[in-house]
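Undergrad: Sharing a structure below in structure tokens format, with a few things to ask.
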Amino acid sequence: MRGRGTLHAFDRKVGGLVKRLPKWLYPFMELFTLLGQPPITVGISAAVFGYGLALNKPFYLNAGIIAIATITFSSLLKIPLRRARPDNEYVDKMFFKTYSFPSGHAAGAAMSYCLAAIVIGMRWPEWALRVWILSLVMTFFVSLSRIYLGAHFASDIIGGWAVAIVGLGIILFV
């Protein structure tokens, strides 16, 4: 049980730091949460698939399929793991009542925004660094918003990132 205690301590520490952020950030955090919603993240992945289909490019076809599968897997993984979400008003008002681990927003944002960076970087190498920085910033703020709003614990975010890293690894190395 020591591991679980360490995990809870980590979540409390990071959560406490995030809760110190100013209240005026709330609308911005809601916007970043919106940018991590499945219609947007799956939409980016589907656009990559469509790009591959239109250009008859197997890499993009496969990348789009793997990205959608990764985002779906992160959502399905919640079912057997069954980690409860934080107890707060934001969670009580959520339309879809799902479990907490891993964060689907964190997985979806990391997967889709990094996939977009891969595609744009391959097509326009001169933009690669800027697009990668933007994708990582977007992923960070989507993820941060989930802790700030109270939808997730910090470890849920790390779990979502881990799922996305595996998916991105499959795209890049398989």
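Ordering of the structure tokens sets the chain letters (A, B, ...); residue numbers start at 1 within each chain; ligands are numbered from 1 in the order shown.
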Fewer than 4 positions away in the same chain doesn't count, so skip those; otherwise give me all residues within 9 Å of range 70-81 of chain A, counting only C-alpha atoms, as a PyMOL selection string.

TA: chain A and resi 38+41-42+65-66+98-105+107-108+111-112+159-160+163-164+166-168

Undergrad: Pull N, CA and C atoms from the residues just selected and write them as a PDB file, in the first residue's frame.

TA:
ATOM      1  N   PRO A  38     -13.076  14.943 -27.113  1.00  0.00           N
ATOM      2  CA  PRO A  38     -12.960  13.924 -28.168  1.00  0.00           C
ATOM      3  C   PRO A  38     -13.353  14.376 -29.577  1.00  0.00           C
ATOM      4  N   THR A  41     -10.071  16.048 -30.710  1.00  0.00           N
ATOM      5  CA  THR A  41      -8.886  15.186 -30.791  1.00  0.00           C
ATOM      6  C   THR A  41      -9.090  14.041 -31.801  1.00  0.00           C
ATOM      7  N   VAL A  42     -10.250  13.430 -31.771  1.00  0.00           N
ATOM      8  CA  VAL A  42     -10.540  12.384 -32.760  1.00  0.00           C
ATOM      9  C   VAL A  42     -10.648  13.010 -34.146  1.00  0.00           C
ATOM     10  N   ILE A  65      -5.416   5.871 -38.003  1.00  0.00           N
ATOM     11  CA  ILE A  65      -6.080   4.727 -37.370  1.00  0.00           C
ATOM     12  C   ILE A  65      -5.491   4.452 -35.987  1.00  0.00           C
ATOM     13  N   ILE A  66      -4.178   4.457 -35.888  1.00  0.00           N
ATOM     14  CA  ILE A  66      -3.519   4.207 -34.602  1.00  0.00           C
ATOM     15  C   ILE A  66      -3.884   5.295 -33.596  1.00  0.00           C
ATOM     16  N   THR A  98     -17.715   9.287 -16.143  1.00  0.00           N
ATOM     17  CA  THR A  98     -16.739   8.242 -16.412  1.00  0.00           C
ATOM     18  C   THR A  98     -15.733   8.206 -15.269  1.00  0.00           C
ATOM     19  N   TYR A  99     -14.877   7.229 -15.326  1.00  0.00           N
ATOM     20  CA  TYR A  99     -13.831   7.109 -14.319  1.00  0.00           C
ATOM     21  C   TYR A  99     -12.693   8.063 -14.639  1.00  0.00           C
ATOM     22  N   SER A 100     -11.735   8.118 -13.727  1.00  0.00           N
ATOM     23  CA  SER A 100     -10.705   9.143 -13.762  1.00  0.00           C
ATOM     24  C   SER A 100      -9.409   8.743 -14.470  1.00  0.00           C
ATOM     25  N   PHE A 101      -8.997   7.489 -14.325  1.00  0.00           N
ATOM     26  CA  PHE A 101      -7.669   7.084 -14.826  1.00  0.00           C
ATOM     27  C   PHE A 101      -7.785   6.156 -16.019  1.00  0.00           C
ATOM     28  N   PRO A 102      -7.062   6.458 -17.090  1.00  0.00           N
ATOM     29  CA  PRO A 102      -6.224   7.630 -17.373  1.00  0.00           C
ATOM     30  C   PRO A 102      -7.068   8.780 -17.912  1.00  0.00           C
ATOM     31  N   SER A 103      -6.512   9.958 -17.924  1.00  0.00           N
ATOM     32  CA  SER A 103      -7.231  11.113 -18.452  1.00  0.00           C
ATOM     33  C   SER A 103      -7.349  11.003 -19.969  1.00  0.00           C
ATOM     34  N   GLY A 104      -8.582  10.931 -20.441  1.00  0.00           N
ATOM     35  CA  GLY A 104      -8.811  10.886 -21.882  1.00  0.00           C
ATOM     36  C   GLY A 104      -8.440  12.191 -22.561  1.00  0.00           C
ATOM     37  N   HIS A 105      -8.652  13.312 -21.869  1.00  0.00           N
ATOM     38  CA  HIS A 105      -8.262  14.603 -22.431  1.00  0.00           C
ATOM     39  C   HIS A 105      -6.746  14.682 -22.612  1.00  0.00           C
ATOM     40  N   ALA A 107      -4.602  12.132 -22.847  1.00  0.00           N
ATOM     41  CA  ALA A 107      -4.204  11.179 -23.892  1.00  0.00           C
ATOM     42  C   ALA A 107      -4.577  11.702 -25.271  1.00  0.00           C
ATOM     43  N   GLY A 108      -5.799  12.193 -25.401  1.00  0.00           N
ATOM     44  CA  GLY A 108      -6.261  12.687 -26.704  1.00  0.00           C
ATOM     45  C   GLY A 108      -5.488  13.894 -27.175  1.00  0.00           C
ATOM     46  N   MET A 111      -1.903  12.799 -28.056  1.00  0.00           N
ATOM     47  CA  MET A 111      -1.923  11.996 -29.283  1.00  0.00           C
ATOM     48  C   MET A 111      -2.201  12.868 -30.500  1.00  0.00           C
ATOM     49  N   SER A 112      -3.267  13.630 -30.463  1.00  0.00           N
ATOM     50  CA  SER A 112      -3.693  14.350 -31.669  1.00  0.00           C
ATOM     51  C   SER A 112      -2.805  15.555 -31.984  1.00  0.00           C
ATOM     52  N   GLY A 159      -0.919   9.210 -16.611  1.00  0.00           N
ATOM     53  CA  GLY A 159      -1.411   7.981 -17.238  1.00  0.00           C
ATOM     54  C   GLY A 159      -1.888   8.229 -18.666  1.00  0.00           C
ATOM     55  N   GLY A 160      -2.597   9.326 -18.881  1.00  0.00           N
ATOM     56  CA  GLY A 160      -3.042   9.677 -20.234  1.00  0.00           C
ATOM     57  C   GLY A 160      -1.873   9.941 -21.157  1.00  0.00           C
ATOM     58  N   VAL A 163      -0.255   6.612 -22.180  1.00  0.00           N
ATOM     59  CA  VAL A 163      -1.000   5.931 -23.249  1.00  0.00           C
ATOM     60  C   VAL A 163      -0.690   6.578 -24.600  1.00  0.00           C
ATOM     61  N   ALA A 164      -0.678   7.905 -24.642  1.00  0.00           N
ATOM     62  CA  ALA A 164      -0.388   8.610 -25.894  1.00  0.00           C
ATOM     63  C   ALA A 164       1.039   8.352 -26.375  1.00  0.00           C
ATOM     64  N   VAL A 166       2.806   5.698 -25.935  1.00  0.00           N
ATOM     65  CA  VAL A 166       2.825   4.357 -26.541  1.00  0.00           C
ATOM     66  C   VAL A 166       2.249   4.422 -27.960  1.00  0.00           C
ATOM     67  N   GLY A 167       1.113   5.099 -28.120  1.00  0.00           N
ATOM     68  CA  GLY A 167       0.512   5.229 -29.454  1.00  0.00           C
ATOM     69  C   GLY A 167       1.429   5.945 -30.432  1.00  0.00           C
ATOM     70  N   LEU A 168       2.047   7.029 -29.979  1.00  0.00           N
ATOM     71  CA  LEU A 168       2.982   7.760 -30.851  1.00  0.00           C
ATOM     72  C   LEU A 168       4.202   6.902 -31.185  1.00  0.00           C
TER      73      LEU A 168
END

Undergrad: Identify, on the basis of only C-alpha atoms, every residue whose closest approach to range 5-16 of chain A does not exceed 8 Å; exclude the query and any residue fewer than 4 positions from it along the same chain; express the result as a list in words.

TA: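 Those residues are Met1, Arg20, Ile147, Tyr148, Phe153, Ala154 and Ser155 of chain A.
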
Undergrad: For the selection you just gave me, I'd like the residues written to a file as a compact mmCIF listing (two decimals), in the first residue's frame, keeping N, CA and C atoms.

TA:
# COMPACT_ATOMS: atom_id res chain seq x y z
N MET A 1 0.80 -1.20 0.00
CA MET A 1 0.00 0.00 0.00
C MET A 1 0.85 1.27 0.00
N ARG A 20 -3.64 26.80 -6.48
CA ARG A 20 -3.15 28.14 -6.13
C ARG A 20 -3.19 29.09 -7.33
N ILE A 147 -6.79 19.30 -14.18
CA ILE A 147 -6.49 19.35 -12.75
C ILE A 147 -7.10 20.63 -12.16
N TYR A 148 -6.90 21.74 -12.84
CA TYR A 148 -7.40 23.03 -12.37
C TYR A 148 -8.91 23.00 -12.15
N PHE A 153 -6.97 13.89 -11.19
CA PHE A 153 -5.77 13.96 -10.36
C PHE A 153 -4.56 14.05 -11.30
N ALA A 154 -3.44 14.53 -10.78
CA ALA A 154 -2.22 14.66 -11.59
C ALA A 154 -1.77 13.31 -12.15
N SER A 155 -1.90 12.26 -11.38
CA SER A 155 -1.48 10.94 -11.86
C SER A 155 -2.36 10.44 -13.01

Undergrad: Within range 24-168 of chain A, find each residue whose DSSP state, derived from the backbone, is helix (DSSP H, G or I), and express the selection as a PyMOL selection string.

TA: chain A and resi 24-34+38-55+58-81+89-92+104-123+125-149+154-168

Undergrad: Please provide as a ChimeraX atom specification all residues within 10 Å of range 139-146 of chain A, with the sequence filter that same-chain residues fewer than 5 positions apart are discarded (counting only C-alpha atoms).

TA: /A:15,18,25-37,103-114,133-134,151-154,156-158,160-161

Undergrad: Put those residues in a file: N, CA and C atoms, as a compact mmCIF listing (two decimals), in the first residue's frame.

TA:
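Wrote it out as again_4.txt, contents follow:
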# COMPACT_ATOMS: atom_id res chain seq x y z
N GLY A 15 -1.98 18.83 -7.06
CA GLY A 15 -3.30 19.45 -7.01
C GLY A 15 -3.30 20.73 -6.19
N VAL A 18 -1.66 23.49 -8.25
CA VAL A 18 -2.54 23.95 -9.33
C VAL A 18 -3.69 24.79 -8.77
N LEU A 25 -8.24 32.60 -14.23
CA LEU A 25 -7.85 31.67 -15.29
C LEU A 25 -8.97 30.70 -15.68
N TYR A 26 -10.03 30.65 -14.87
CA TYR A 26 -11.10 29.66 -15.08
C TYR A 26 -11.62 29.63 -16.52
N PRO A 27 -11.98 30.75 -17.14
CA PRO A 27 -12.49 30.67 -18.52
C PRO A 27 -11.45 30.14 -19.51
N PHE A 28 -10.19 30.46 -19.27
CA PHE A 28 -9.13 29.95 -20.15
C PHE A 28 -8.98 28.44 -19.99
N MET A 29 -9.08 27.97 -18.75
CA MET A 29 -8.99 26.53 -18.50
C MET A 29 -10.18 25.79 -19.11
N GLU A 30 -11.35 26.42 -19.07
CA GLU A 30 -12.51 25.80 -19.74
C GLU A 30 -12.27 25.71 -21.24
N LEU A 31 -11.64 26.73 -21.82
CA LEU A 31 -11.32 26.71 -23.25
C LEU A 31 -10.34 25.59 -23.56
N PHE A 32 -9.29 25.45 -22.75
CA PHE A 32 -8.33 24.38 -23.00
C PHE A 32 -8.96 23.00 -22.83
N THR A 33 -9.85 22.86 -21.85
CA THR A 33 -10.57 21.59 -21.71
C THR A 33 -11.38 21.31 -22.96
N LEU A 34 -12.02 22.33 -23.50
CA LEU A 34 -12.78 22.17 -24.74
C LEU A 34 -11.88 21.69 -25.88
N LEU A 35 -10.67 22.23 -25.95
CA LEU A 35 -9.73 21.85 -27.01
C LEU A 35 -9.19 20.43 -26.84
N GLY A 36 -9.49 19.80 -25.71
CA GLY A 36 -9.11 18.41 -25.49
C GLY A 36 -10.29 17.46 -25.60
N GLN A 37 -11.46 17.97 -25.97
CA GLN A 37 -12.65 17.12 -26.09
C GLN A 37 -12.49 16.13 -27.25
N SER A 103 -6.51 9.96 -17.92
CA SER A 103 -7.23 11.11 -18.45
C SER A 103 -7.35 11.00 -19.97
N GLY A 104 -8.58 10.93 -20.44
CA GLY A 104 -8.81 10.89 -21.88
C GLY A 104 -8.44 12.19 -22.56
N HIS A 105 -8.65 13.31 -21.87
CA HIS A 105 -8.26 14.60 -22.43
C HIS A 105 -6.75 14.68 -22.61
N ALA A 106 -6.01 14.23 -21.60
CA ALA A 106 -4.54 14.27 -21.69
C ALA A 106 -4.05 13.34 -22.78
N ALA A 107 -4.60 12.13 -22.85
CA ALA A 107 -4.20 11.18 -23.89
C ALA A 107 -4.58 11.70 -25.27
N GLY A 108 -5.80 12.19 -25.40
CA GLY A 108 -6.26 12.69 -26.70
C GLY A 108 -5.49 13.89 -27.18
N ALA A 109 -5.23 14.84 -26.26
CA ALA A 109 -4.47 16.04 -26.64
C ALA A 109 -3.05 15.67 -27.04
N ALA A 110 -2.39 14.86 -26.22
CA ALA A 110 -1.01 14.46 -26.54
C ALA A 110 -0.97 13.72 -27.87
N MET A 111 -1.90 12.80 -28.06
CA MET A 111 -1.92 12.00 -29.28
C MET A 111 -2.20 12.87 -30.50
N SER A 112 -3.27 13.63 -30.46
CA SER A 112 -3.69 14.35 -31.67
C SER A 112 -2.80 15.56 -31.98
N TYR A 113 -2.44 16.32 -30.97
CA TYR A 113 -1.60 17.49 -31.24
C TYR A 113 -0.19 17.09 -31.66
N CYS A 114 0.34 16.02 -31.06
CA CYS A 114 1.66 15.54 -31.49
C CYS A 114 1.58 14.90 -32.87
N ILE A 133 6.56 22.76 -30.57
CA ILE A 133 6.42 23.56 -29.35
C ILE A 133 4.95 23.86 -29.09
N LEU A 134 4.23 24.26 -30.12
CA LEU A 134 2.80 24.55 -29.98
C LEU A 134 2.03 23.30 -29.53
N ALA A 151 -11.37 17.90 -12.56
CA ALA A 151 -11.85 16.68 -13.23
C ALA A 151 -10.91 15.50 -13.02
N HIS A 152 -9.64 15.77 -12.75
CA HIS A 152 -8.64 14.70 -12.66
C HIS A 152 -7.61 14.97 -11.59
N PHE A 153 -6.97 13.89 -11.19
CA PHE A 153 -5.77 13.96 -10.36
C PHE A 153 -4.56 14.05 -11.30
N ALA A 154 -3.44 14.53 -10.78
CA ALA A 154 -2.22 14.66 -11.59
C ALA A 154 -1.77 13.31 -12.15
N ASP A 156 -3.61 10.91 -13.08
CA ASP A 156 -4.47 10.57 -14.22
C ASP A 156 -3.90 11.17 -15.50
N ILE A 157 -3.37 12.39 -15.37
CA ILE A 157 -2.77 13.08 -16.52
C ILE A 157 -1.55 12.31 -17.00
N ILE A 158 -0.70 11.93 -16.09
CA ILE A 158 0.50 11.18 -16.45
C ILE A 158 0.12 9.86 -17.12
N GLY A 160 -2.60 9.33 -18.88
CA GLY A 160 -3.04 9.68 -20.23
C GLY A 160 -1.87 9.94 -21.16
N TRP A 161 -0.88 10.67 -20.65
CA TRP A 161 0.31 10.92 -21.46
C TRP A 161 1.02 9.61 -21.81

Undergrad: So how far away is CA of Ala117 in chain A from CA of Val131 in chain A, in Å?

TA: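 That distance, rounded to one decimal, is 5.4 Å.
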
Undergrad: Could you please determine the separation between CA of Ala67 in chain A and CA of Phe173 in chain A in Å, to one decimal place?

TA: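 Rounded to one decimal, the two atoms are 13.9 Å apart.
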
Undergrad: For CA of Ala69 in chain A and CA of Ala47 in chain A, determine how far apart the two atoms are, in Å to one decimal place.

TA: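 Atom-to-atom, CA of Ala69 in chain A and CA of Ala47 in chain A are spaced 14.2 Å apart.
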
Undergrad: Closest to Leu149 in chain A among A:Gly121, A:Gly50, A:Gly43, A:Pro22, using only C-alpha atoms?

TA: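 Smallest separation from Leu149 in chain A among the options: A:Pro22.
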